[in-house]
Amino acid sequence: MERDSGPEGVRRALGRLLEAVLASRGQANAVFDVLAVLQSEDHEETQEAVRACSRLFGALLERGELFVGSLPSEDAVMAGSQGATRKYKVWMRHRYRSCLNRLQELLVHPSFEVKELALSTLMKFVQLEGARPLEKPKWDGYYLFPRQLFKAVVEGLLSPEDDCSLLLARFREYLEHDDIRYHTMQAATDTVGRVTDRHPEVPLTFWNNAFTLLSSVSLPSQERGISSFYVKHGELPRTWKVVHLKEHRKAFQGMWLGFLKHKLPLSLYKKVLVIMHDSILPHLAQPSLMIDFLTRAYDVGGAISLLALNGLFILIHQHNLEYPDFYRKLYGLLDPSVFHVKYRARFFHLADLFLSSSHLPAYLVAAFAKRLSRLALTAPPEALLMVLPFICNLLRRHPACRVLVHRPLGHELDADPYDPEEEDPAKSRALESSLWELQALQQHYHPEVSQAASVINQALSVPEVSIAPLLELTAFEVFERDLKKKGQGSVPLEFIPARGLLGRQDDFCAQHFTLS
């Protein structure tokens, strides 16, 4: 191919080749020159070649000049006695397949502009193939979606070696279409299964790419919301699975279960659990299938257990999950680190919900109140301003636990019977103890903390104190609030009024010096 130097020269040369191929079948060999530029290492030349292939094969698809059906071997057709038209269509279909293979390789190109252009070109071909299938329909009215081509696109996005997060953000726009979303879930399920079977140890990059794609899938809440299709068709048959929300839920469930059954990195477990309660569970066909995953995560401990609480809360309250040791595990999560973790607000919000039932035994509520009181001795002020009302709310809900702050013979206790090392709240003897920690916190250096701890000195009010505004309180907010407080006039710093520089009689300087 003769061309001038630079991108402009490449563009003009490709334009001439494109016009020649589309004008005459006798110039079909010029396609090889176009595909050769597609292999260029220059980013701008590659982009020009991608645009040329998009126009060329897009026009051929619309004209119907590509072979339709199971693609035969190129050598066998060229050597056979078939007509020239059939040979041309088979030959051009093979060139089209070579173009698709190269575009799939470009999805992991170092240049994002090249990757983005390759993705948009492949999706254009998906749309054109869907409208003008290159496969023969099995029966009249049978809907054809280019599954193989689209599966290749998803495989390119789920690369085991390259971070495709930016490209997946661009692909998210296509997920707004119901047919693309449905086939993405199916293709992602197959790709995850194939990659995990192929690699004994799956790279972290693949897991991150897979999670980015899976978390981008969001289902509509009602079936009438399924009305946007990327591949345009006339009348859609009701037997087509894509038009039914139930089938979307099944595909969504299979996709997540296929992903979560593998051993994931710890960082991914946290990301999955963060979105589990609002982005995954509400869209599953059978949410109860997540019981095993969530209970295993709850048993791990630490931040993983804190994050698993949200999903377990939904399964317990909405799907009748029975978890015998649930409160024992919840009690075990209360350690000094709970005031410093990133998900503190979420944990205490859910703990407040789980401890809100009036049917809980008094010993259990007393154990939680006592454990929190003990931890409060070393907690930061911003956490104490939330924990102290939390404890008082427990006492308001469960009058039988008020003995912890109104024990007539409390002065006779020579030691605290509470056992902080006991993992079982039923054996901790919390109900035999008292909340002396709250009395100690009345001497706290921060005035708001000491005021909050002094609430137990009077009869507790009937309405509970809402802890919602305090859940995400930070040390910065407490400090800023203190700075904005206005003092009551001037503050005296000397209790004896000064009478001049050497005015006091007992002043050492006044005894030895005089001012003249």
# chains A, B, ... in the order shown; residues from 1 in each chain; ligands from 1
>>> residues_around(residues="stretch 295-302 of chain A", least_positions_apart="4", cutoff="10 Å", atoms="only C-alpha atoms", output="PDB file with all heavy atoms, in the first residue's frame")
ATOM      1  N   TYR A 269     -13.523 -10.048  49.163  1.00  0.00           N
ATOM      2  CA  TYR A 269     -14.591 -10.426  50.096  1.00  0.00           C
ATOM      3  C   TYR A 269     -15.224  -9.168  50.690  1.00  0.00           C
ATOM      4  O   TYR A 269     -16.446  -9.063  50.807  1.00  0.00           O
ATOM      5  CB  TYR A 269     -14.042 -11.305  51.217  1.00  0.00           C
ATOM      6  CG  TYR A 269     -14.022 -12.784  50.894  1.00  0.00           C
ATOM      7  CD1 TYR A 269     -12.829 -13.482  50.788  1.00  0.00           C
ATOM      8  CD2 TYR A 269     -15.203 -13.477  50.695  1.00  0.00           C
ATOM      9  CE1 TYR A 269     -12.802 -14.835  50.485  1.00  0.00           C
ATOM     10  CE2 TYR A 269     -15.194 -14.837  50.398  1.00  0.00           C
ATOM     11  CZ  TYR A 269     -13.998 -15.505  50.297  1.00  0.00           C
ATOM     12  OH  TYR A 269     -13.988 -16.832  49.995  1.00  0.00           O
ATOM     13  N   LYS A 270     -14.387  -8.215  51.074  1.00  0.00           N
ATOM     14  CA  LYS A 270     -14.909  -6.983  51.669  1.00  0.00           C
ATOM     15  C   LYS A 270     -15.752  -6.218  50.658  1.00  0.00           C
ATOM     16  O   LYS A 270     -16.838  -5.720  50.984  1.00  0.00           O
ATOM     17  CB  LYS A 270     -13.758  -6.117  52.158  1.00  0.00           C
ATOM     18  CG  LYS A 270     -12.975  -6.715  53.313  1.00  0.00           C
ATOM     19  CD  LYS A 270     -11.859  -5.790  53.764  1.00  0.00           C
ATOM     20  CE  LYS A 270     -11.076  -6.392  54.921  1.00  0.00           C
ATOM     21  NZ  LYS A 270      -9.977  -5.512  55.367  1.00  0.00           N
ATOM     22  N   LEU A 273     -19.130  -7.972  50.191  1.00  0.00           N
ATOM     23  CA  LEU A 273     -20.019  -7.835  51.345  1.00  0.00           C
ATOM     24  C   LEU A 273     -20.562  -6.414  51.480  1.00  0.00           C
ATOM     25  O   LEU A 273     -21.668  -6.220  51.990  1.00  0.00           O
ATOM     26  CB  LEU A 273     -19.274  -8.240  52.616  1.00  0.00           C
ATOM     27  CG  LEU A 273     -18.951  -9.733  52.729  1.00  0.00           C
ATOM     28  CD1 LEU A 273     -18.009  -9.990  53.891  1.00  0.00           C
ATOM     29  CD2 LEU A 273     -20.219 -10.554  52.886  1.00  0.00           C
ATOM     30  N   MET A 290     -27.593 -17.678  49.465  1.00  0.00           N
ATOM     31  CA  MET A 290     -26.419 -16.962  49.967  1.00  0.00           C
ATOM     32  C   MET A 290     -26.156 -17.250  51.442  1.00  0.00           C
ATOM     33  O   MET A 290     -25.231 -16.674  52.023  1.00  0.00           O
ATOM     34  CB  MET A 290     -26.612 -15.459  49.775  1.00  0.00           C
ATOM     35  CG  MET A 290     -26.385 -14.979  48.350  1.00  0.00           C
ATOM     36  SD  MET A 290     -24.649 -15.121  47.877  1.00  0.00           S
ATOM     37  CE  MET A 290     -24.749 -14.639  46.157  1.00  0.00           C
ATOM     38  N   ILE A 291     -26.958 -18.112  52.057  1.00  0.00           N
ATOM     39  CA  ILE A 291     -26.804 -18.383  53.486  1.00  0.00           C
ATOM     40  C   ILE A 291     -25.409 -18.936  53.797  1.00  0.00           C
ATOM     41  O   ILE A 291     -24.732 -18.476  54.724  1.00  0.00           O
ATOM     42  CB  ILE A 291     -27.902 -19.354  53.963  1.00  0.00           C
ATOM     43  CG1 ILE A 291     -29.264 -18.651  53.962  1.00  0.00           C
ATOM     44  CG2 ILE A 291     -27.577 -19.888  55.351  1.00  0.00           C
ATOM     45  CD1 ILE A 291     -30.420 -19.553  54.341  1.00  0.00           C
ATOM     46  N   LEU A 306     -18.091  -8.014  60.403  1.00  0.00           N
ATOM     47  CA  LEU A 306     -18.885  -6.794  60.508  1.00  0.00           C
ATOM     48  C   LEU A 306     -19.679  -6.547  59.224  1.00  0.00           C
ATOM     49  O   LEU A 306     -20.854  -6.184  59.253  1.00  0.00           O
ATOM     50  CB  LEU A 306     -17.976  -5.593  60.781  1.00  0.00           C
ATOM     51  CG  LEU A 306     -17.188  -5.587  62.095  1.00  0.00           C
ATOM     52  CD1 LEU A 306     -16.407  -4.288  62.231  1.00  0.00           C
ATOM     53  CD2 LEU A 306     -18.100  -5.757  63.280  1.00  0.00           C
ATOM     54  N   LEU A 307     -19.015  -6.765  58.084  1.00  0.00           N
ATOM     55  CA  LEU A 307     -19.676  -6.508  56.804  1.00  0.00           C
ATOM     56  C   LEU A 307     -20.724  -7.560  56.483  1.00  0.00           C
ATOM     57  O   LEU A 307     -21.697  -7.277  55.768  1.00  0.00           O
ATOM     58  CB  LEU A 307     -18.624  -6.461  55.693  1.00  0.00           C
ATOM     59  CG  LEU A 307     -17.648  -5.286  55.765  1.00  0.00           C
ATOM     60  CD1 LEU A 307     -16.543  -5.448  54.732  1.00  0.00           C
ATOM     61  CD2 LEU A 307     -18.374  -3.981  55.548  1.00  0.00           C
ATOM     62  N   ALA A 308     -20.542  -8.780  56.976  1.00  0.00           N
ATOM     63  CA  ALA A 308     -21.520  -9.839  56.714  1.00  0.00           C
ATOM     64  C   ALA A 308     -22.826  -9.621  57.460  1.00  0.00           C
ATOM     65  O   ALA A 308     -23.844 -10.227  57.123  1.00  0.00           O
ATOM     66  CB  ALA A 308     -20.925 -11.205  57.084  1.00  0.00           C
ATOM     67  N   LEU A 309     -22.816  -8.748  58.465  1.00  0.00           N
ATOM     68  CA  LEU A 309     -24.021  -8.521  59.266  1.00  0.00           C
ATOM     69  C   LEU A 309     -25.188  -8.012  58.426  1.00  0.00           C
ATOM     70  O   LEU A 309     -26.340  -8.392  58.649  1.00  0.00           O
ATOM     71  CB  LEU A 309     -23.721  -7.516  60.379  1.00  0.00           C
ATOM     72  CG  LEU A 309     -23.134  -8.072  61.668  1.00  0.00           C
ATOM     73  CD1 LEU A 309     -22.814  -6.941  62.622  1.00  0.00           C
ATOM     74  CD2 LEU A 309     -24.085  -9.047  62.321  1.00  0.00           C
ATOM     75  N   GLY A 311     -26.009  -8.517  55.231  1.00  0.00           N
ATOM     76  CA  GLY A 311     -26.656  -9.582  54.478  1.00  0.00           C
ATOM     77  C   GLY A 311     -27.406 -10.545  55.382  1.00  0.00           C
ATOM     78  O   GLY A 311     -28.521 -10.976  55.062  1.00  0.00           O
ATOM     79  N   LEU A 312     -26.803 -10.880  56.533  1.00  0.00           N
ATOM     80  CA  LEU A 312     -27.474 -11.777  57.470  1.00  0.00           C
ATOM     81  C   LEU A 312     -28.743 -11.149  58.034  1.00  0.00           C
ATOM     82  O   LEU A 312     -29.743 -11.842  58.260  1.00  0.00           O
ATOM     83  CB  LEU A 312     -26.524 -12.134  58.617  1.00  0.00           C
ATOM     84  CG  LEU A 312     -25.437 -13.157  58.292  1.00  0.00           C
ATOM     85  CD1 LEU A 312     -24.497 -13.305  59.470  1.00  0.00           C
ATOM     86  CD2 LEU A 312     -26.050 -14.502  57.931  1.00  0.00           C
ATOM     87  N   TYR A 323     -30.151 -18.896  62.808  1.00  0.00           N
ATOM     88  CA  TYR A 323     -28.717 -18.934  63.090  1.00  0.00           C
ATOM     89  C   TYR A 323     -28.563 -19.043  64.607  1.00  0.00           C
ATOM     90  O   TYR A 323     -28.577 -18.038  65.321  1.00  0.00           O
ATOM     91  CB  TYR A 323     -28.050 -17.658  62.567  1.00  0.00           C
ATOM     92  CG  TYR A 323     -26.549 -17.746  62.451  1.00  0.00           C
ATOM     93  CD1 TYR A 323     -25.916 -17.845  61.221  1.00  0.00           C
ATOM     94  CD2 TYR A 323     -25.742 -17.724  63.589  1.00  0.00           C
ATOM     95  CE1 TYR A 323     -24.549 -17.908  61.116  1.00  0.00           C
ATOM     96  CE2 TYR A 323     -24.375 -17.792  63.495  1.00  0.00           C
ATOM     97  CZ  TYR A 323     -23.776 -17.881  62.257  1.00  0.00           C
ATOM     98  OH  TYR A 323     -22.405 -17.946  62.172  1.00  0.00           O
ATOM     99  N   PHE A 326     -25.972 -16.825  66.560  1.00  0.00           N
ATOM    100  CA  PHE A 326     -25.816 -15.494  65.982  1.00  0.00           C
ATOM    101  C   PHE A 326     -25.401 -14.474  67.036  1.00  0.00           C
ATOM    102  O   PHE A 326     -24.436 -13.726  66.856  1.00  0.00           O
ATOM    103  CB  PHE A 326     -27.120 -15.055  65.314  1.00  0.00           C
ATOM    104  CG  PHE A 326     -27.071 -13.658  64.784  1.00  0.00           C
ATOM    105  CD1 PHE A 326     -26.437 -13.390  63.585  1.00  0.00           C
ATOM    106  CD2 PHE A 326     -27.629 -12.600  65.493  1.00  0.00           C
ATOM    107  CE1 PHE A 326     -26.366 -12.101  63.092  1.00  0.00           C
ATOM    108  CE2 PHE A 326     -27.571 -11.315  65.007  1.00  0.00           C
ATOM    109  CZ  PHE A 326     -26.943 -11.067  63.807  1.00  0.00           C
ATOM    110  N   LYS A 329     -21.874 -14.869  68.299  1.00  0.00           N
ATOM    111  CA  LYS A 329     -20.890 -14.332  67.361  1.00  0.00           C
ATOM    112  C   LYS A 329     -20.883 -12.810  67.398  1.00  0.00           C
ATOM    113  O   LYS A 329     -19.825 -12.174  67.340  1.00  0.00           O
ATOM    114  CB  LYS A 329     -21.214 -14.818  65.945  1.00  0.00           C
ATOM    115  CG  LYS A 329     -21.132 -16.314  65.748  1.00  0.00           C
ATOM    116  CD  LYS A 329     -19.697 -16.786  65.722  1.00  0.00           C
ATOM    117  CE  LYS A 329     -19.631 -18.276  65.403  1.00  0.00           C
ATOM    118  NZ  LYS A 329     -18.249 -18.792  65.426  1.00  0.00           N
ATOM    119  N   LEU A 330     -22.072 -12.225  67.474  1.00  0.00           N
ATOM    120  CA  LEU A 330     -22.160 -10.766  67.542  1.00  0.00           C
ATOM    121  C   LEU A 330     -21.466 -10.232  68.797  1.00  0.00           C
ATOM    122  O   LEU A 330     -20.765  -9.216  68.750  1.00  0.00           O
ATOM    123  CB  LEU A 330     -23.628 -10.339  67.518  1.00  0.00           C
ATOM    124  CG  LEU A 330     -23.915  -8.836  67.508  1.00  0.00           C
ATOM    125  CD1 LEU A 330     -23.365  -8.195  66.255  1.00  0.00           C
ATOM    126  CD2 LEU A 330     -25.418  -8.583  67.628  1.00  0.00           C
ATOM    127  N   GLY A 332     -19.014 -11.650  70.281  1.00  0.00           N
ATOM    128  CA  GLY A 332     -17.573 -11.819  70.082  1.00  0.00           C
ATOM    129  C   GLY A 332     -16.950 -10.736  69.218  1.00  0.00           C
ATOM    130  O   GLY A 332     -15.726 -10.531  69.249  1.00  0.00           O
ATOM    131  N   LEU A 333     -17.767 -10.028  68.426  1.00  0.00           N
ATOM    132  CA  LEU A 333     -17.231  -8.961  67.580  1.00  0.00           C
ATOM    133  C   LEU A 333     -16.927  -7.695  68.363  1.00  0.00           C
ATOM    134  O   LEU A 333     -16.269  -6.786  67.848  1.00  0.00           O
ATOM    135  CB  LEU A 333     -18.229  -8.623  66.461  1.00  0.00           C
ATOM    136  CG  LEU A 333     -18.482  -9.710  65.418  1.00  0.00           C
ATOM    137  CD1 LEU A 333     -19.513  -9.240  64.404  1.00  0.00           C
ATOM    138  CD2 LEU A 333     -17.180 -10.084  64.715  1.00  0.00           C
ATOM    139  N   LEU A 334     -17.400  -7.612  69.598  1.00  0.00           N
ATOM    140  CA  LEU A 334     -17.173  -6.419  70.401  1.00  0.00           C
ATOM    141  C   LEU A 334     -15.782  -6.479  71.025  1.00  0.00           C
ATOM    142  O   LEU A 334     -15.544  -7.164  72.019  1.00  0.00           O
ATOM    143  CB  LEU A 334     -18.236  -6.303  71.493  1.00  0.00           C
ATOM    144  CG  LEU A 334     -19.670  -6.105  71.009  1.00  0.00           C
ATOM    145  CD1 LEU A 334     -20.638  -6.097  72.185  1.00  0.00           C
ATOM    146  CD2 LEU A 334     -19.787  -4.799  70.236  1.00  0.00           C
ATOM    147  N   ASP A 335     -14.839  -5.794  70.410  1.00  0.00           N
ATOM    148  CA  ASP A 335     -13.485  -5.677  70.945  1.00  0.00           C
ATOM    149  C   ASP A 335     -13.027  -4.235  70.746  1.00  0.00           C
ATOM    150  O   ASP A 335     -13.723  -3.431  70.104  1.00  0.00           O
ATOM    151  CB  ASP A 335     -12.529  -6.675  70.276  1.00  0.00           C
ATOM    152  CG  ASP A 335     -12.495  -6.524  68.767  1.00  0.00           C
ATOM    153  OD1 ASP A 335     -12.642  -5.388  68.283  1.00  0.00           O
ATOM    154  OD2 ASP A 335     -12.330  -7.523  68.067  1.00  0.00           O
ATOM    155  N   SER A 337     -11.105  -2.753  68.809  1.00  0.00           N
ATOM    156  CA  SER A 337     -10.950  -2.276  67.434  1.00  0.00           C
ATOM    157  C   SER A 337     -12.269  -1.841  66.804  1.00  0.00           C
ATOM    158  O   SER A 337     -12.263  -1.164  65.775  1.00  0.00           O
ATOM    159  CB  SER A 337     -10.318  -3.378  66.573  1.00  0.00           C
ATOM    160  OG  SER A 337     -11.196  -4.487  66.449  1.00  0.00           O
ATOM    161  N   VAL A 338     -13.400  -2.230  67.391  1.00  0.00           N
ATOM    162  CA  VAL A 338     -14.692  -1.937  66.775  1.00  0.00           C
ATOM    163  C   VAL A 338     -14.951  -0.428  66.726  1.00  0.00           C
ATOM    164  O   VAL A 338     -15.739   0.048  65.902  1.00  0.00           O
ATOM    165  CB  VAL A 338     -15.818  -2.664  67.531  1.00  0.00           C
ATOM    166  CG1 VAL A 338     -16.165  -1.946  68.821  1.00  0.00           C
ATOM    167  CG2 VAL A 338     -17.051  -2.811  66.660  1.00  0.00           C
ATOM    168  N   VAL A 341     -12.692   0.862  63.317  1.00  0.00           N
ATOM    169  CA  VAL A 341     -12.789   0.292  61.971  1.00  0.00           C
ATOM    170  C   VAL A 341     -13.566   1.236  61.055  1.00  0.00           C
ATOM    171  O   VAL A 341     -14.317   2.114  61.491  1.00  0.00           O
ATOM    172  CB  VAL A 341     -13.472  -1.097  62.001  1.00  0.00           C
ATOM    173  CG1 VAL A 341     -12.615  -2.095  62.726  1.00  0.00           C
ATOM    174  CG2 VAL A 341     -14.855  -0.995  62.621  1.00  0.00           C
TER     175      VAL A 341
END
>>> residues_around(residues="stretch 217-229 of chain A", least_positions_apart="6", cutoff="8 Å", atoms="only C-alpha atoms", output="ChimeraX atom specification")
/A:175-181,185,243-245,248-249,279,283
>>> write_last_selection(atoms="N, CA, C and O atoms", output="compact mmCIF listing (two decimals), in the first residue's frame")
# COMPACT_ATOMS: atom_id res chain seq x y z
N LEU A 175 -24.53 -1.78 29.30
CA LEU A 175 -25.32 -2.60 30.22
C LEU A 175 -26.70 -2.02 30.51
O LEU A 175 -27.52 -2.67 31.15
N GLU A 176 -26.95 -0.81 30.05
CA GLU A 176 -28.28 -0.24 30.20
C GLU A 176 -29.29 -0.92 29.29
O GLU A 176 -30.49 -0.81 29.52
N HIS A 177 -28.80 -1.63 28.28
CA HIS A 177 -29.68 -2.37 27.37
C HIS A 177 -29.93 -3.76 27.96
O HIS A 177 -29.01 -4.45 28.39
N ASP A 178 -31.18 -4.18 27.93
CA ASP A 178 -31.56 -5.43 28.61
C ASP A 178 -30.94 -6.66 27.96
O ASP A 178 -30.55 -7.60 28.67
N ASP A 179 -30.87 -6.69 26.62
CA ASP A 179 -30.29 -7.87 25.98
C ASP A 179 -28.79 -7.96 26.22
O ASP A 179 -28.25 -9.05 26.45
N ILE A 180 -28.10 -6.82 26.22
CA ILE A 180 -26.66 -6.83 26.51
C ILE A 180 -26.42 -7.28 27.95
O ILE A 180 -25.52 -8.09 28.23
N ARG A 181 -27.23 -6.79 28.87
CA ARG A 181 -27.06 -7.15 30.28
C ARG A 181 -27.28 -8.66 30.48
O ARG A 181 -26.51 -9.32 31.19
N MET A 185 -24.25 -11.41 31.62
CA MET A 185 -24.27 -12.29 32.79
C MET A 185 -23.94 -13.73 32.39
O MET A 185 -23.18 -14.41 33.09
N VAL A 243 -36.86 -11.13 27.61
CA VAL A 243 -37.96 -10.21 27.92
C VAL A 243 -38.60 -10.51 29.27
O VAL A 243 -39.54 -9.82 29.67
N HIS A 244 -38.10 -11.50 29.99
CA HIS A 244 -38.69 -11.89 31.28
C HIS A 244 -37.72 -11.58 32.42
O HIS A 244 -36.56 -12.04 32.41
N LEU A 245 -38.18 -10.83 33.40
CA LEU A 245 -37.34 -10.47 34.54
C LEU A 245 -36.93 -11.71 35.33
O LEU A 245 -35.83 -11.76 35.90
N HIS A 248 -33.79 -13.01 33.96
CA HIS A 248 -32.67 -12.14 34.33
C HIS A 248 -32.21 -12.46 35.75
O HIS A 248 -31.00 -12.49 36.03
N ARG A 249 -33.17 -12.67 36.64
CA ARG A 249 -32.81 -12.99 38.03
C ARG A 249 -32.06 -14.32 38.11
O ARG A 249 -31.10 -14.46 38.89
N SER A 279 -27.28 -4.48 46.50
CA SER A 279 -27.05 -4.66 45.08
C SER A 279 -27.12 -6.12 44.62
O SER A 279 -27.20 -6.38 43.42
N HIS A 283 -31.93 -8.89 44.15
CA HIS A 283 -32.15 -9.28 42.75
C HIS A 283 -31.99 -10.78 42.51
O HIS A 283 -32.11 -11.24 41.36
>>> closest_residue(among="A:Leu60, A:Arg346, A:Pro336, A:Ala13", to="A:His277", atoms="only C-alpha atoms")
A:Arg346
>>> residues_around(residues="stretch 454-464 of chain A", least_positions_apart="6", cutoff="8 Å", atoms="only C-alpha atoms", output="list in words")
Cys392, Asn393, Arg396, Val405, Leu438, Gln439 and Gln442 of chain A
>>> residues_around(residues="A:Ser434", least_positions_apart="4", cutoff="10 Å", atoms="only C-alpha atoms", output="PyMOL selection string")
chain A and resi 366+369-370+373+401-407+410+413+416-418+430+438
>>> write_last_selection(atoms="N, CA, C and O atoms", output="compact mmCIF listing (two decimals), in the first residue's frame")
# COMPACT_ATOMS: atom_id res chain seq x y z
N ALA A 366 -27.82 -7.64 79.07
CA ALA A 366 -26.89 -7.19 80.10
C ALA A 366 -25.44 -7.46 79.69
O ALA A 366 -24.54 -6.63 79.96
N ALA A 369 -24.48 -4.75 77.20
CA ALA A 369 -24.31 -3.46 77.87
C ALA A 369 -23.01 -3.43 78.67
O ALA A 369 -22.28 -2.43 78.67
N LYS A 370 -22.72 -4.52 79.36
CA LYS A 370 -21.52 -4.57 80.18
C LYS A 370 -20.26 -4.59 79.31
O LYS A 370 -19.27 -3.89 79.62
N SER A 373 -19.70 -1.16 77.98
CA SER A 373 -19.25 -0.26 79.05
C SER A 373 -17.78 -0.47 79.35
O SER A 373 -17.03 0.49 79.56
N CYS A 401 -32.78 -5.02 83.13
CA CYS A 401 -31.33 -4.77 83.16
C CYS A 401 -30.97 -3.51 83.93
O CYS A 401 -29.79 -3.20 84.10
N ARG A 402 -31.98 -2.79 84.42
CA ARG A 402 -31.68 -1.55 85.14
C ARG A 402 -31.04 -1.82 86.50
O ARG A 402 -30.53 -0.91 87.14
N VAL A 403 -31.04 -3.07 86.90
CA VAL A 403 -30.36 -3.43 88.14
C VAL A 403 -28.85 -3.17 88.02
O VAL A 403 -28.15 -3.03 89.02
N LEU A 404 -28.37 -3.06 86.80
CA LEU A 404 -26.94 -2.79 86.59
C LEU A 404 -26.54 -1.40 87.06
O LEU A 404 -25.37 -1.15 87.34
N VAL A 405 -27.52 -0.48 87.13
CA VAL A 405 -27.20 0.88 87.59
C VAL A 405 -27.92 1.22 88.88
O VAL A 405 -27.69 2.29 89.45
N HIS A 406 -28.78 0.35 89.35
CA HIS A 406 -29.50 0.58 90.61
C HIS A 406 -29.45 -0.68 91.46
O HIS A 406 -30.47 -1.27 91.80
N ARG A 407 -28.27 -1.09 91.80
CA ARG A 407 -28.11 -2.29 92.63
C ARG A 407 -27.99 -1.86 94.09
O ARG A 407 -27.03 -1.17 94.46
N GLY A 410 -24.74 -2.76 95.87
CA GLY A 410 -23.58 -2.64 95.00
C GLY A 410 -22.31 -2.31 95.76
O GLY A 410 -21.22 -2.71 95.37
N LEU A 413 -19.94 -5.21 96.81
CA LEU A 413 -19.17 -5.98 95.84
C LEU A 413 -17.69 -5.61 95.98
O LEU A 413 -17.30 -4.46 95.75
N ASP A 416 -15.52 -7.27 90.65
CA ASP A 416 -16.51 -7.32 89.57
C ASP A 416 -16.69 -8.77 89.15
O ASP A 416 -15.74 -9.42 88.68
N PRO A 417 -17.91 -9.32 89.29
CA PRO A 417 -18.11 -10.73 88.90
C PRO A 417 -18.12 -10.95 87.39
O PRO A 417 -18.06 -12.10 86.94
N TYR A 418 -18.17 -9.89 86.62
CA TYR A 418 -18.22 -10.03 85.16
C TYR A 418 -16.91 -10.60 84.64
O TYR A 418 -15.81 -10.17 85.05
N ALA A 430 -22.78 -11.11 83.59
CA ALA A 430 -22.94 -9.66 83.48
C ALA A 430 -24.09 -9.15 84.33
O ALA A 430 -24.04 -8.04 84.88
N LEU A 438 -19.65 3.43 83.73
CA LEU A 438 -20.34 4.66 83.39
C LEU A 438 -20.12 5.74 84.46
O LEU A 438 -20.01 6.92 84.16
>>> closest_residue(among="A:Val202, A:Val68, A:Leu100, A:Leu284", to="A:Lys136", atoms="only C-alpha atoms")
A:Val68
>>> atom_distance(atom1="atom CA of A:Val465", atom2="atom CA of A:Ser305")
27.0 Å
>>> residues_around(residues="A:Asp75", least_positions_apart="3", cutoff="12 Å", atoms="only C-alpha atoms", output="list in words")
Leu71, Pro72, Met78, Ala79, Gly80, Ser81, Lys87, Val90, Trp91 and His94 of chain A
>>> select_by_dssp(residues="stretch 24-229 of chain A", states="alpha helix (DSSP H)", output="ChimeraX atom specification")
/A:30-37,43-63,74-79,84-105,112-131,147-157,165-171,178-198,204-215
>>> residues_around(residues="A:Pro137", least_positions_apart="6", cutoff="12 Å", atoms="only C-alpha atoms", output="NGL selection string")
:A and (68-70 or 130 or 143-146)
>>> write_last_selection(atoms="N, CA, C and O atoms", output="JSON list (two decimals), in the first residue's frame")
[["chain", "number", "residue", "atom", "x", "y", "z"],
["A", 68, "VAL", "N", -23.30, -16.58, 5.13],
["A", 68, "VAL", "CA", -24.21, -16.87, 6.23],
["A", 68, "VAL", "C", -24.26, -18.37, 6.45],
["A", 68, "VAL", "O", -24.53, -19.13, 5.51],
["A", 69, "GLY", "N", -24.03, -18.79, 7.68],
["A", 69, "GLY", "CA", -24.06, -20.21, 8.01],
["A", 69, "GLY", "C", -22.76, -20.64, 8.66],
["A", 69, "GLY", "O", -21.90, -19.83, 8.99],
["A", 70, "SER", "N", -22.62, -21.96, 8.85],
["A", 70, "SER", "CA", -21.39, -22.51, 9.42],
["A", 70, "SER", "C", -20.24, -22.28, 8.45],
["A", 70, "SER", "O", -20.29, -22.76, 7.31],
["A", 130, "GLY", "N", -26.54, -8.92, 15.02],
["A", 130, "GLY", "CA", -27.83, -9.26, 15.60],
["A", 130, "GLY", "C", -28.97, -8.95, 14.65],
["A", 130, "GLY", "O", -29.96, -9.70, 14.58],
["A", 143, "TYR", "N", -35.00, -16.00, 17.61],
["A", 143, "TYR", "CA", -34.19, -14.80, 17.80],
["A", 143, "TYR", "C", -32.71, -15.18, 17.87],
["A", 143, "TYR", "O", -32.31, -16.10, 18.59],
["A", 144, "LEU", "N", -31.92, -14.46, 17.10],
["A", 144, "LEU", "CA", -30.49, -14.72, 17.09],
["A", 144, "LEU", "C", -29.73, -13.54, 17.68],
["A", 144, "LEU", "O", -29.93, -12.39, 17.28],
["A", 145, "PHE", "N", -28.89, -13.83, 18.64],
["A", 145, "PHE", "CA", -27.98, -12.84, 19.19],
["A", 145, "PHE", "C", -26.57, -13.37, 18.95],
["A", 145, "PHE", "O", -26.31, -14.56, 19.16],
["A", 146, "PRO", "N", -25.65, -12.54, 18.48],
["A", 146, "PRO", "CA", -24.29, -13.03, 18.19],
["A", 146, "PRO", "C", -23.54, -13.41, 19.46],
["A", 146, "PRO", "O", -22.66, -12.69, 19.92]]
>>> atom_distance(atom1="atom CA of A:Pro203", atom2="atom CA of A:Glu155")
14.8 Å
>>> residues_around(residues="A:Ser450", least_positions_apart="6", cutoff="10 Å", atoms="only C-alpha atoms", output="PyMOL selection string")
chain A and resi 381+384-385+388+438-444
>>> atom_distance(atom1="atom CA of A:Leu157", atom2="atom CA of A:Trp240")
26.5 Å
>>> closest_residue(among="A:Leu471, A:Ala452, A:Leu22, A:Ala367", to="A:Glu421", atoms="only C-alpha atoms")
A:Ala367
>>> closest_residue(among="A:Gly26, A:Ala131, A:Arg55, A:Gly193", to="A:Thr85", atoms="only C-alpha atoms")
A:Gly26
